[in-house]
>>> print(open('model-v1.cif').read())   # mmCIF, C-alpha atoms
data_coords
#
loop_
_atom_site.group_PDB
_atom_site.id
_atom_site.type_symbol
_atom_site.label_atom_id
_atom_site.label_comp_id
_atom_site.auth_asym_id
_atom_site.auth_seq_id
_atom_site.Cartn_x
_atom_site.Cartn_y
_atom_site.Cartn_z
ATOM 1 C CA MET A 1 0.000 0.000 0.000
ATOM 2 C CA ALA A 2 1.423 3.408 -1.034
ATOM 3 C CA ASP A 3 2.564 5.519 1.927
ATOM 4 C CA LEU A 4 0.375 8.640 1.807
ATOM 5 C CA GLY A 5 2.887 10.532 3.958
ATOM 6 C CA ILE A 6 4.811 10.944 0.671
ATOM 7 C CA PRO A 7 3.388 13.955 -1.251
ATOM 8 C CA GLN A 8 3.412 12.387 -4.734
ATOM 9 C CA ASN A 9 1.347 9.419 -3.459
ATOM 10 C CA THR A 10 -1.245 11.812 -2.021
ATOM 11 C CA ILE A 11 -1.369 13.715 -5.333
ATOM 12 C CA ALA A 12 -1.833 10.436 -7.251
ATOM 13 C CA VAL A 13 -4.808 9.437 -5.063
ATOM 14 C CA LEU A 14 -6.448 12.877 -5.352
ATOM 15 C CA GLN A 15 -6.062 12.812 -9.152
ATOM 16 C CA LYS A 16 -7.345 9.246 -9.434
ATOM 17 C CA TYR A 17 -10.595 10.242 -7.733
ATOM 18 C CA ASN A 18 -10.774 13.845 -9.057
ATOM 19 C CA PHE A 19 -11.053 14.923 -5.431
ATOM 20 C CA VAL A 20 -11.995 18.552 -4.762
ATOM 21 C CA PHE A 21 -11.063 20.068 -1.390
ATOM 22 C CA GLN A 22 -14.094 21.320 0.538
ATOM 23 C CA LYS A 23 -13.561 24.625 2.320
ATOM 24 C CA LYS A 24 -16.615 24.012 4.540
ATOM 25 C CA PHE A 25 -14.897 20.919 6.022
ATOM 26 C CA GLY A 26 -11.586 22.743 6.574
ATOM 27 C CA GLN A 27 -9.623 20.046 4.714
ATOM 28 C CA ASN A 28 -5.815 20.125 4.893
ATOM 29 C CA PHE A 29 -4.098 16.761 4.402
ATOM 30 C CA LEU A 30 -0.760 15.997 6.077
ATOM 31 C CA ILE A 31 2.037 15.138 3.650
ATOM 32 C CA ASP A 32 5.016 14.625 5.938
ATOM 33 C CA SER A 33 5.923 11.152 7.147
ATOM 34 C CA HIS A 34 8.129 12.491 9.998
ATOM 35 C CA VAL A 35 5.201 14.425 11.465
ATOM 36 C CA LEU A 36 2.924 11.397 11.092
ATOM 37 C CA GLU A 37 5.423 9.232 12.986
ATOM 38 C CA LYS A 38 5.698 11.918 15.680
ATOM 39 C CA ILE A 39 1.925 11.943 16.166
ATOM 40 C CA VAL A 40 1.693 8.156 16.527
ATOM 41 C CA ASP A 41 4.662 8.196 18.936
ATOM 42 C CA ALA A 42 3.159 11.062 20.942
ATOM 43 C CA ALA A 43 -0.151 9.208 21.227
ATOM 44 C CA ARG A 44 1.801 6.187 22.549
ATOM 45 C CA ILE A 45 -0.223 3.775 20.452
ATOM 46 C CA THR A 46 0.283 0.083 21.234
ATOM 47 C CA ARG A 47 -1.200 -3.208 20.030
ATOM 48 C CA GLU A 48 -3.556 -3.059 23.025
ATOM 49 C CA ASP A 49 -5.195 0.171 21.873
ATOM 50 C CA CYS A 50 -8.480 1.027 20.273
ATOM 51 C CA VAL A 51 -8.045 4.420 18.577
ATOM 52 C CA LEU A 52 -10.779 6.831 17.531
ATOM 53 C CA GLU A 53 -9.523 8.949 14.634
ATOM 54 C CA ILE A 54 -11.461 12.090 13.773
ATOM 55 C CA GLY A 55 -11.220 13.324 10.190
ATOM 56 C CA PRO A 56 -9.079 10.663 8.458
ATOM 57 C CA GLY A 57 -9.202 12.516 5.116
ATOM 58 C CA ILE A 58 -7.750 10.137 2.512
ATOM 59 C CA GLY A 59 -6.431 7.804 5.233
ATOM 60 C CA THR A 60 -2.869 9.162 5.578
ATOM 61 C CA MET A 61 -2.642 8.984 9.376
ATOM 62 C CA THR A 62 -5.075 6.067 9.491
ATOM 63 C CA GLN A 63 -2.464 3.892 7.758
ATOM 64 C CA TYR A 64 0.128 4.772 10.411
ATOM 65 C CA LEU A 65 -2.348 4.180 13.253
ATOM 66 C CA ALA A 66 -3.480 0.835 11.814
ATOM 67 C CA GLU A 67 0.148 -0.355 11.783
ATOM 68 C CA SER A 68 0.462 0.283 15.537
ATOM 69 C CA ALA A 69 -3.009 -0.149 17.090
ATOM 70 C CA ARG A 70 -5.227 -3.152 17.676
ATOM 71 C CA GLU A 71 -8.181 -1.354 16.101
ATOM 72 C CA VAL A 72 -8.949 2.038 14.539
ATOM 73 C CA VAL A 73 -12.405 3.593 14.213
ATOM 74 C CA ALA A 74 -12.172 6.539 11.794
ATOM 75 C CA VAL A 75 -15.021 9.066 11.623
ATOM 76 C CA GLU A 76 -15.177 11.068 8.363
ATOM 77 C CA ILE A 77 -17.934 13.604 7.604
ATOM 78 C CA ASP A 78 -17.228 14.021 3.855
ATOM 79 C CA ARG A 79 -19.064 11.380 1.821
ATOM 80 C CA ALA A 80 -16.752 11.992 -1.166
ATOM 81 C CA LEU A 81 -13.831 10.571 0.849
ATOM 82 C CA ILE A 82 -15.472 7.227 1.678
ATOM 83 C CA PRO A 83 -14.605 5.412 -1.620
ATOM 84 C CA ILE A 84 -11.058 6.797 -1.383
ATOM 85 C CA LEU A 85 -10.704 5.458 2.188
ATOM 86 C CA GLN A 86 -11.994 2.059 1.080
ATOM 87 C CA ASP A 87 -9.178 2.024 -1.465
ATOM 88 C CA THR A 88 -6.280 3.464 0.623
ATOM 89 C CA LEU A 89 -7.139 1.305 3.660
ATOM 90 C CA SER A 90 -7.979 -1.911 1.798
ATOM 91 C CA ALA A 91 -4.833 -3.642 3.160
ATOM 92 C CA TYR A 92 -5.984 -3.217 6.801
ATOM 93 C CA ASP A 93 -8.566 -5.453 8.450
ATOM 94 C CA ASN A 94 -8.414 -3.524 11.751
ATOM 95 C CA VAL A 95 -9.987 -0.260 10.497
ATOM 96 C CA THR A 96 -13.675 0.726 10.501
ATOM 97 C CA VAL A 97 -14.689 3.919 8.695
ATOM 98 C CA LEU A 98 -17.877 5.710 9.772
ATOM 99 C CA ASN A 99 -19.316 8.367 7.448
ATOM 100 C CA GLU A 100 -20.660 10.568 10.234
ATOM 101 C CA ASP A 101 -20.333 13.925 11.983
ATOM 102 C CA ILE A 102 -18.193 13.412 15.123
ATOM 103 C CA MET A 103 -20.413 15.877 17.033
ATOM 104 C CA LYS A 104 -23.324 13.457 16.555
ATOM 105 C CA VAL A 105 -21.495 10.139 17.054
ATOM 106 C CA ASP A 106 -22.212 8.074 20.172
ATOM 107 C CA VAL A 107 -18.596 7.726 21.352
ATOM 108 C CA TRP A 108 -19.761 5.829 24.466
ATOM 109 C CA ARG A 109 -21.110 3.129 22.153
ATOM 110 C CA ILE A 110 -17.773 2.854 20.329
ATOM 111 C CA VAL A 111 -16.011 2.463 23.707
ATOM 112 C CA ARG A 112 -18.431 -0.254 24.833
ATOM 113 C CA GLU A 113 -18.582 -2.201 21.563
ATOM 114 C CA ARG A 114 -14.956 -1.899 20.455
ATOM 115 C CA ASN A 115 -13.042 -1.747 23.730
ATOM 116 C CA GLN A 116 -15.230 -3.433 26.379
ATOM 117 C CA GLY A 117 -15.770 -0.056 28.051
ATOM 118 C CA ARG A 118 -12.040 0.518 28.626
ATOM 119 C CA PRO A 119 -10.509 3.950 27.854
ATOM 120 C CA ILE A 120 -9.724 4.625 24.192
ATOM 121 C CA LYS A 121 -7.202 7.031 22.657
ATOM 122 C CA VAL A 122 -8.286 9.802 20.296
ATOM 123 C CA VAL A 123 -6.040 11.018 17.466
ATOM 124 C CA ALA A 124 -7.074 13.778 15.072
ATOM 125 C CA ASN A 125 -5.960 16.331 12.525
ATOM 126 C CA LEU A 126 -8.854 18.666 13.245
ATOM 127 C CA PRO A 127 -10.361 21.367 11.031
ATOM 128 C CA TYR A 128 -9.436 24.590 12.808
ATOM 129 C CA TYR A 129 -12.938 26.073 12.841
ATOM 130 C CA ILE A 130 -14.285 23.228 14.970
ATOM 131 C CA THR A 131 -11.293 22.291 17.160
ATOM 132 C CA THR A 132 -12.649 23.697 20.430
ATOM 133 C CA PRO A 133 -16.212 22.283 20.190
ATOM 134 C CA ILE A 134 -14.874 18.780 19.386
ATOM 135 C CA VAL A 135 -12.254 18.777 22.165
ATOM 136 C CA MET A 136 -14.708 20.158 24.730
ATOM 137 C CA SER A 137 -17.482 17.740 23.775
ATOM 138 C CA LEU A 138 -15.076 14.779 24.179
ATOM 139 C CA LEU A 139 -13.841 16.006 27.573
ATOM 140 C CA GLU A 140 -17.215 17.100 28.967
ATOM 141 C CA SER A 141 -18.964 13.874 27.962
ATOM 142 C CA HIS A 142 -16.737 11.961 30.437
ATOM 143 C CA VAL A 143 -16.264 9.183 27.867
ATOM 144 C CA PRO A 144 -13.438 6.853 29.038
ATOM 145 C CA LEU A 145 -10.403 8.417 27.311
ATOM 146 C CA ARG A 146 -6.744 7.897 27.993
ATOM 147 C CA SER A 147 -5.553 10.766 25.833
ATOM 148 C CA ILE A 148 -6.388 13.055 22.925
ATOM 149 C CA THR A 149 -3.494 13.729 20.532
ATOM 150 C CA ILE A 150 -4.456 16.421 18.073
ATOM 151 C CA MET A 151 -3.100 18.647 15.371
ATOM 152 C CA VAL A 152 -4.386 22.162 16.012
ATOM 153 C CA GLN A 153 -3.628 25.736 15.003
ATOM 154 C CA LYS A 154 -0.464 26.839 16.813
ATOM 155 C CA GLU A 155 -2.249 29.627 18.707
ATOM 156 C CA VAL A 156 -4.915 27.181 19.963
ATOM 157 C CA ALA A 157 -2.122 24.921 21.235
ATOM 158 C CA ASP A 158 -0.670 27.936 23.068
ATOM 159 C CA ARG A 159 -4.063 28.775 24.581
ATOM 160 C CA MET A 160 -4.524 25.227 25.895
ATOM 161 C CA GLN A 161 -1.302 25.439 27.898
ATOM 162 C CA GLU A 162 -1.383 29.039 29.108
ATOM 163 C CA GLY A 163 -1.490 30.115 32.748
ATOM 164 C CA PRO A 164 -3.001 33.219 34.411
ATOM 165 C CA GLY A 165 -2.010 36.703 33.332
ATOM 166 C CA SER A 166 -1.186 36.064 29.669
ATOM 167 C CA LYS A 167 -3.329 37.332 26.787
ATOM 168 C CA ASP A 168 -3.815 33.754 25.520
ATOM 169 C CA TYR A 169 -5.162 32.558 28.878
ATOM 170 C CA GLY A 170 -8.910 32.073 28.805
ATOM 171 C CA ALA A 171 -11.892 29.760 29.086
ATOM 172 C CA LEU A 172 -10.297 27.123 26.799
ATOM 173 C CA SER A 173 -7.066 27.042 28.876
ATOM 174 C CA LEU A 174 -9.035 26.470 32.089
ATOM 175 C CA ALA A 175 -11.444 23.913 30.635
ATOM 176 C CA VAL A 176 -8.666 21.821 29.078
ATOM 177 C CA GLN A 177 -6.514 22.007 32.249
ATOM 178 C CA TYR A 178 -9.465 20.945 34.409
ATOM 179 C CA TYR A 179 -9.836 17.682 32.478
ATOM 180 C CA ALA A 180 -6.351 16.936 31.163
ATOM 181 C CA ARG A 181 -2.630 17.687 31.212
ATOM 182 C CA PRO A 182 -1.748 19.497 27.945
ATOM 183 C CA GLU A 183 1.697 19.110 26.362
ATOM 184 C CA MET A 184 2.862 20.511 23.037
ATOM 185 C CA VAL A 185 4.609 17.652 21.258
ATOM 186 C CA ALA A 186 5.655 19.222 17.946
ATOM 187 C CA ARG A 187 5.358 22.371 15.888
ATOM 188 C CA VAL A 188 4.265 21.759 12.318
ATOM 189 C CA PRO A 189 4.925 24.359 9.597
ATOM 190 C CA ALA A 190 2.235 25.099 7.001
ATOM 191 C CA ASN A 191 4.243 23.437 4.180
ATOM 192 C CA CYS A 192 3.580 19.988 5.727
ATOM 193 C CA PHE A 193 -0.019 20.179 4.457
ATOM 194 C CA MET A 194 -1.903 20.079 1.187
ATOM 195 C CA PRO A 195 -3.433 22.539 0.502
ATOM 196 C CA ARG A 196 -1.153 24.751 2.557
ATOM 197 C CA PRO A 197 -3.030 26.534 5.381
ATOM 198 C CA GLY A 198 -2.390 30.181 6.222
ATOM 199 C CA VAL A 199 -1.081 29.388 9.719
ATOM 200 C CA ASP A 200 1.380 27.044 11.389
ATOM 201 C CA SER A 201 0.099 24.138 13.443
ATOM 202 C CA ALA A 202 1.130 22.161 16.494
ATOM 203 C CA VAL A 203 0.545 18.675 17.849
ATOM 204 C CA VAL A 204 -0.808 18.640 21.401
ATOM 205 C CA ARG A 205 -1.306 15.635 23.661
ATOM 206 C CA LEU A 206 -4.010 15.978 26.318
ATOM 207 C CA THR A 207 -3.527 13.255 28.924
ATOM 208 C CA ARG A 208 -6.846 12.769 30.689
ATOM 209 C CA TYR A 209 -6.874 13.092 34.500
ATOM 210 C CA GLN A 210 -8.637 10.289 36.376
ATOM 211 C CA GLU A 211 -9.776 12.954 38.854
ATOM 212 C CA PRO A 212 -9.780 16.719 38.154
ATOM 213 C CA PRO A 213 -6.931 18.571 39.927
ATOM 214 C CA VAL A 214 -9.439 20.750 41.835
ATOM 215 C CA GLU A 215 -12.521 19.896 43.888
ATOM 216 C CA VAL A 216 -15.680 21.615 42.761
ATOM 217 C CA ARG A 217 -19.285 21.151 43.915
ATOM 218 C CA ASP A 218 -20.883 21.854 40.544
ATOM 219 C CA GLU A 219 -18.904 21.474 37.312
ATOM 220 C CA LYS A 220 -21.548 23.255 35.189
ATOM 221 C CA HIS A 221 -21.525 26.234 37.547
ATOM 222 C CA LEU A 222 -17.714 26.393 37.429
ATOM 223 C CA PHE A 223 -17.674 26.574 33.624
ATOM 224 C CA ALA A 224 -20.542 29.087 33.451
ATOM 225 C CA LEU A 225 -18.524 31.226 35.865
ATOM 226 C CA ILE A 226 -15.341 30.881 33.797
ATOM 227 C CA ARG A 227 -17.132 31.751 30.539
ATOM 228 C CA ALA A 228 -18.790 34.821 32.097
ATOM 229 C CA SER A 229 -15.404 35.959 33.481
ATOM 230 C CA PHE A 230 -13.779 35.956 30.040
ATOM 231 C CA ASN A 231 -16.722 37.116 27.907
ATOM 232 C CA GLN A 232 -15.836 40.715 28.711
ATOM 233 C CA ARG A 233 -12.139 40.614 29.566
ATOM 234 C CA ARG A 234 -11.876 44.342 30.270
ATOM 235 C CA LYS A 235 -14.464 44.194 33.039
ATOM 236 C CA THR A 236 -13.725 43.362 36.640
ATOM 237 C CA LEU A 237 -14.791 39.901 37.740
ATOM 238 C CA ALA A 238 -17.593 41.375 39.892
ATOM 239 C CA ASN A 239 -19.050 43.273 36.910
ATOM 240 C CA GLY A 240 -18.581 40.384 34.458
ATOM 241 C CA LEU A 241 -20.388 37.908 36.717
ATOM 242 C CA ALA A 242 -23.142 40.408 37.551
ATOM 243 C CA ASN A 243 -23.794 40.926 33.804
ATOM 244 C CA GLY A 244 -23.201 37.373 32.635
ATOM 245 C CA LEU A 245 -24.665 35.261 35.447
ATOM 246 C CA GLY A 246 -26.864 37.708 37.316
ATOM 247 C CA ILE A 247 -24.920 37.199 40.564
ATOM 248 C CA SER A 248 -24.965 40.414 42.618
ATOM 249 C CA ARG A 249 -21.765 42.437 42.829
ATOM 250 C CA GLU A 250 -22.012 42.296 46.619
ATOM 251 C CA GLN A 251 -22.038 38.500 46.569
ATOM 252 C CA VAL A 252 -19.001 38.311 44.283
ATOM 253 C CA THR A 253 -17.106 40.972 46.258
ATOM 254 C CA ALA A 254 -17.804 39.152 49.540
ATOM 255 C CA ALA A 255 -16.557 35.836 48.058
ATOM 256 C CA LEU A 256 -13.418 37.509 46.668
ATOM 257 C CA GLU A 257 -12.772 39.133 50.034
ATOM 258 C CA GLU A 258 -13.002 35.735 51.710
ATOM 259 C CA MET A 259 -10.391 34.502 49.221
ATOM 260 C CA GLY A 260 -8.145 37.471 50.011
ATOM 261 C CA LEU A 261 -8.619 39.046 46.566
ATOM 262 C CA PRO A 262 -9.508 42.701 45.807
ATOM 263 C CA ALA A 263 -12.977 43.615 44.510
ATOM 264 C CA THR A 264 -11.337 45.046 41.344
ATOM 265 C CA VAL A 265 -9.671 41.779 40.289
ATOM 266 C CA ARG A 266 -10.136 40.544 36.693
ATOM 267 C CA GLY A 267 -10.820 36.938 35.724
ATOM 268 C CA GLU A 268 -7.623 36.587 33.702
ATOM 269 C CA VAL A 269 -5.426 36.575 36.835
ATOM 270 C CA LEU A 270 -7.280 33.778 38.665
ATOM 271 C CA THR A 271 -5.878 30.248 38.664
ATOM 272 C CA LEU A 272 -8.036 27.158 38.129
ATOM 273 C CA GLU A 273 -7.875 26.537 41.915
ATOM 274 C CA GLN A 274 -9.163 30.053 42.590
ATOM 275 C CA PHE A 275 -12.009 29.689 40.083
ATOM 276 C CA ALA A 276 -12.989 26.403 41.772
ATOM 277 C CA GLN A 277 -12.901 28.084 45.197
ATOM 278 C CA LEU A 278 -14.989 31.034 43.921
ATOM 279 C CA SER A 279 -17.506 28.686 42.303
ATOM 280 C CA ASN A 280 -17.879 26.718 45.558
ATOM 281 C CA LEU A 281 -18.345 29.928 47.585
ATOM 282 C CA LEU A 282 -20.934 31.374 45.180
ATOM 283 C CA LYS A 283 -22.779 28.084 44.828
#
>>> encode(input="model-v1.cif", output="structure tokens")
Amino acid sequence: MADLGIPQNTIAVLQKYNFVFQKKFGQNFLIDSHVLEKIVDAARITREDCVLEIGPGIGTMTQYLAESAREVVAVEIDRALIPILQDTLSAYDNVTVLNEDIMKVDVWRIVRERNQGRPIKVVANLPYYITTPIVMSLLESHVPLRSITIMVQKEVADRMQEGPGSKDYGALSLAVQYYARPEMVARVPANCFMPRPGVDSAVVRLTRYQEPPVEVRDEKHLFALIRASFNQRRKTLANGLANGLGISREQVTAALEEMGLPATVRGEVLTLEQFAQLSNLLK
């Protein structure tokens, strides 16, 4: 089977099927075998693993995953890619391709049916416009996951790892760090893709925590609080929460005082621990 990590093999497949890239699906196919190997290494795929791949494209990374994993379930939204995947993956009997939208797939069912309910690993080269919704839906659903290894826009990778006080720190940083330990594994320049995107990318591994690093009474309340704090970054926390959640300024100020923080503090300087403490006090 031709290695699709080699650009001319990718071009040959695209020409064979007269494939047209769809902007609405944010399609950019990886054409660098070194990066593909790095992703599989970073995901620590073994023969024990069941891997969920999101957005296999023409099957480039799927081939690499199938070589290392026990089983791969690849979810592809674009119907035009299904015959191509049947061709490029014909040598592998451990791959199942689902022509579905990952946001509507019952991932719990995949875990139960394919891995006896044990944690799976997710690997994806995600379209940039939908990175955050996909990552958050996987984490918030509490599906048994060991890790998520994803190719994302470089600035999204930065946001996932940031701490308080930086301009990139925000709701995504806190949400990801509540559920998982983020690590940037590799930077990937735009010329490793076809067509070439306008930005550089990065591979991030999110290793799922068995228990969140902070104790919180109500997870939903915590995240509503975090979102309201960053919706209007220029506002003080007391004003942001009063506008966004309808909690009185007095209540917020009293809670902040109890935490030893000034009434004028902004959300961007609070740590995850402090947000958890604030949420518990206000709840």
>>> axis_aligned_box(input="model-v1.cif", around="segment 140-155 of chain A", padding_each_side="8 Å", output="JSON")
{"center_x": -9.7, "center_y": 18.2, "center_z": 22.7, "size_x": 34.5, "size_y": 38.8, "size_z": 31.4}
>>> atom_distance(input="model-v1.cif", atom1="atom CA of Arg208 of chain A", atom2="atom CA of Tyr129 of chain A")
23.1 Å
>>> resolve_selection(input="model-v1.cif", expression="the PyMOL selection byres ((chain A and resi 69-75) around 9)", output="count of residues only")
34
>>> residues_around(input="model-v1.cif", residues="Pro213 of chain A", least_positions_apart="5", cutoff="9 Å", atoms="only C-alpha atoms", output="list in words")
Gln177, Tyr178, Tyr179, Ala180, Leu272 and Glu273 of chain A
>>> residues_around(input="model-v1.cif", residues="Leu85 of chain A", least_positions_apart="2", cutoff="8 Å", atoms="all atoms listed in the file", output="tab-separated table (two decimals) with C-alpha atoms, in the frame of the given file")
chain	number	residue	atom	x	y	z
A	57	GLY	CA	-9.20	12.52	5.12
A	58	ILE	CA	-7.75	10.14	2.51
A	59	GLY	CA	-6.43	7.80	5.23
A	81	LEU	CA	-13.83	10.57	0.85
A	82	ILE	CA	-15.47	7.23	1.68
A	83	PRO	CA	-14.60	5.41	-1.62
A	87	ASP	CA	-9.18	2.02	-1.46
A	88	THR	CA	-6.28	3.46	0.62
A	89	LEU	CA	-7.14	1.30	3.66
A	90	SER	CA	-7.98	-1.91	1.80
A	97	VAL	CA	-14.69	3.92	8.70
>>> residues_around(input="model-v1.cif", residues="Ala263 of chain A", least_positions_apart="2", cutoff="10 Å", atoms="all atoms listed in the file", output="VMD selection string")
chain A and resid 236 to 239 249 to 250 252 to 257 260 to 261 265 to 266
>>> write_last_selection(input="model-v1.cif", atoms="C-alpha atoms", output="short mmCIF file (atom, residue, chain, number, x, y, z; two decimals), in the frame of the given file")
data_model
loop_
_atom_site.label_atom_id
_atom_site.label_comp_id
_atom_site.auth_asym_id
_atom_site.auth_seq_id
_atom_site.Cartn_x
_atom_site.Cartn_y
_atom_site.Cartn_z
CA THR A 236 -13.72 43.36 36.64
CA LEU A 237 -14.79 39.90 37.74
CA ALA A 238 -17.59 41.38 39.89
CA ASN A 239 -19.05 43.27 36.91
CA ARG A 249 -21.76 42.44 42.83
CA GLU A 250 -22.01 42.30 46.62
CA VAL A 252 -19.00 38.31 44.28
CA THR A 253 -17.11 40.97 46.26
CA ALA A 254 -17.80 39.15 49.54
CA ALA A 255 -16.56 35.84 48.06
CA LEU A 256 -13.42 37.51 46.67
CA GLU A 257 -12.77 39.13 50.03
CA GLY A 260 -8.14 37.47 50.01
CA LEU A 261 -8.62 39.05 46.57
CA VAL A 265 -9.67 41.78 40.29
CA ARG A 266 -10.14 40.54 36.69
#
>>> residues_near_point(input="model-v1.cif", point="(-11.6, 6.1, -8.1)", cutoff="9 Å", atoms="all atoms listed in the file", output="compact mmCIF listing (two decimals) with C-alpha atoms, keeping the file's coordinate frame")
# COMPACT_ATOMS: atom_id res chain seq x y z
CA VAL A 13 -4.81 9.44 -5.06
CA LEU A 14 -6.45 12.88 -5.35
CA GLN A 15 -6.06 12.81 -9.15
CA LYS A 16 -7.34 9.25 -9.43
CA TYR A 17 -10.60 10.24 -7.73
CA ASN A 18 -10.77 13.84 -9.06
CA PRO A 83 -14.60 5.41 -1.62
CA ILE A 84 -11.06 6.80 -1.38
CA ASP A 87 -9.18 2.02 -1.46
>>> atom_distance(input="model-v1.cif", atom1="atom CA of Phe193 of chain A", atom2="atom CA of Phe29 of chain A")
5.3 Å
>>> atom_distance(input="model-v1.cif", atom1="atom CA of Val107 of chain A", atom2="atom CA of Val143 of chain A")
7.1 Å
>>> resolve_selection(input="model-v1.cif", expression="the PyMOL selection byres ((chain A and resi 150) around 9)", output="JSON, numbers by chain")
{"A": [39, 43, 122, 123, 124, 125, 126, 148, 149, 151, 152, 202, 203, 204, 205, 206]}
>>> residues_around(input="model-v1.cif", residues="Asp158 of chain A", least_positions_apart="6", cutoff="12 Å", atoms="only C-alpha atoms", output="ChimeraX atom specification")
/A:152,166-170,172-173,176,182-187,200-204
>>> closest_residue(input="model-v1.cif", among="A:Ala171, A:Val35, A:Ile11, A:Leu4", to="Gly267 of chain A", atoms="all atoms listed in the file")
A:Ala171
>>> closest_residue(input="model-v1.cif", among="A:Asn9, A:Arg233, A:His221, A:Tyr128", to="Leu278 of chain A", atoms="only C-alpha atoms")
A:His221
>>> closest_residue(input="model-v1.cif", among="A:Gln63, A:Gln161, A:Gln27, A:Thr207", to="Leu145 of chain A", atoms="only C-alpha atoms")
A:Thr207
>>> closest_residue(input="model-v1.cif", among="A:Ser141, A:Pro189, A:Ala175, A:Val135", to="Lys154 of chain A", atoms="only C-alpha atoms")
A:Pro189
>>> closest_residue(input="model-v1.cif", among="A:Thr132, A:Gln274, A:Thr60, A:Thr264", to="Asn28 of chain A", atoms="all atoms listed in the file")
A:Thr60
>>> resolve_selection(input="model-v1.cif", expression="the PyMOL selection byres ((chain A and resi 228) around 7)", output="MDAnalysis selection string")
chainID A and resid 224:227 229:231 240:241 244:245
>>> closest_residue(input="model-v1.cif", among="A:Met136, A:Leu36, A:Leu222, A:Ala190", to="Lys283 of chain A", atoms="all atoms listed in the file")
A:Leu222
>>> decode(input="model-v1.cif", residues="segment 185-206 of chain A", atoms="C-alpha atoms", output="PDB file, in the first residue's frame")
ATOM      1  CA  VAL A 185       4.609  17.652  21.258  1.00  0.00           C
ATOM      2  CA  ALA A 186       5.655  19.222  17.946  1.00  0.00           C
ATOM      3  CA  ARG A 187       5.358  22.371  15.888  1.00  0.00           C
ATOM      4  CA  VAL A 188       4.265  21.759  12.318  1.00  0.00           C
ATOM      5  CA  PRO A 189       4.925  24.359   9.597  1.00  0.00           C
ATOM      6  CA  ALA A 190       2.235  25.099   7.001  1.00  0.00           C
ATOM      7  CA  ASN A 191       4.243  23.437   4.180  1.00  0.00           C
ATOM      8  CA  CYS A 192       3.580  19.988   5.727  1.00  0.00           C
ATOM      9  CA  PHE A 193      -0.019  20.179   4.457  1.00  0.00           C
ATOM     10  CA  MET A 194      -1.903  20.079   1.187  1.00  0.00           C
ATOM     11  CA  PRO A 195      -3.433  22.539   0.502  1.00  0.00           C
ATOM     12  CA  ARG A 196      -1.153  24.751   2.557  1.00  0.00           C
ATOM     13  CA  PRO A 197      -3.030  26.534   5.381  1.00  0.00           C
ATOM     14  CA  GLY A 198      -2.390  30.181   6.222  1.00  0.00           C
ATOM     15  CA  VAL A 199      -1.081  29.388   9.719  1.00  0.00           C
ATOM     16  CA  ASP A 200       1.380  27.044  11.389  1.00  0.00           C
ATOM     17  CA  SER A 201       0.099  24.138  13.443  1.00  0.00           C
ATOM     18  CA  ALA A 202       1.130  22.161  16.494  1.00  0.00           C
ATOM     19  CA  VAL A 203       0.545  18.675  17.849  1.00  0.00           C
ATOM     20  CA  VAL A 204      -0.808  18.640  21.401  1.00  0.00           C
ATOM     21  CA  ARG A 205      -1.306  15.635  23.661  1.00  0.00           C
ATOM     22  CA  LEU A 206      -4.010  15.978  26.318  1.00  0.00           C
TER      23      LEU A 206
END
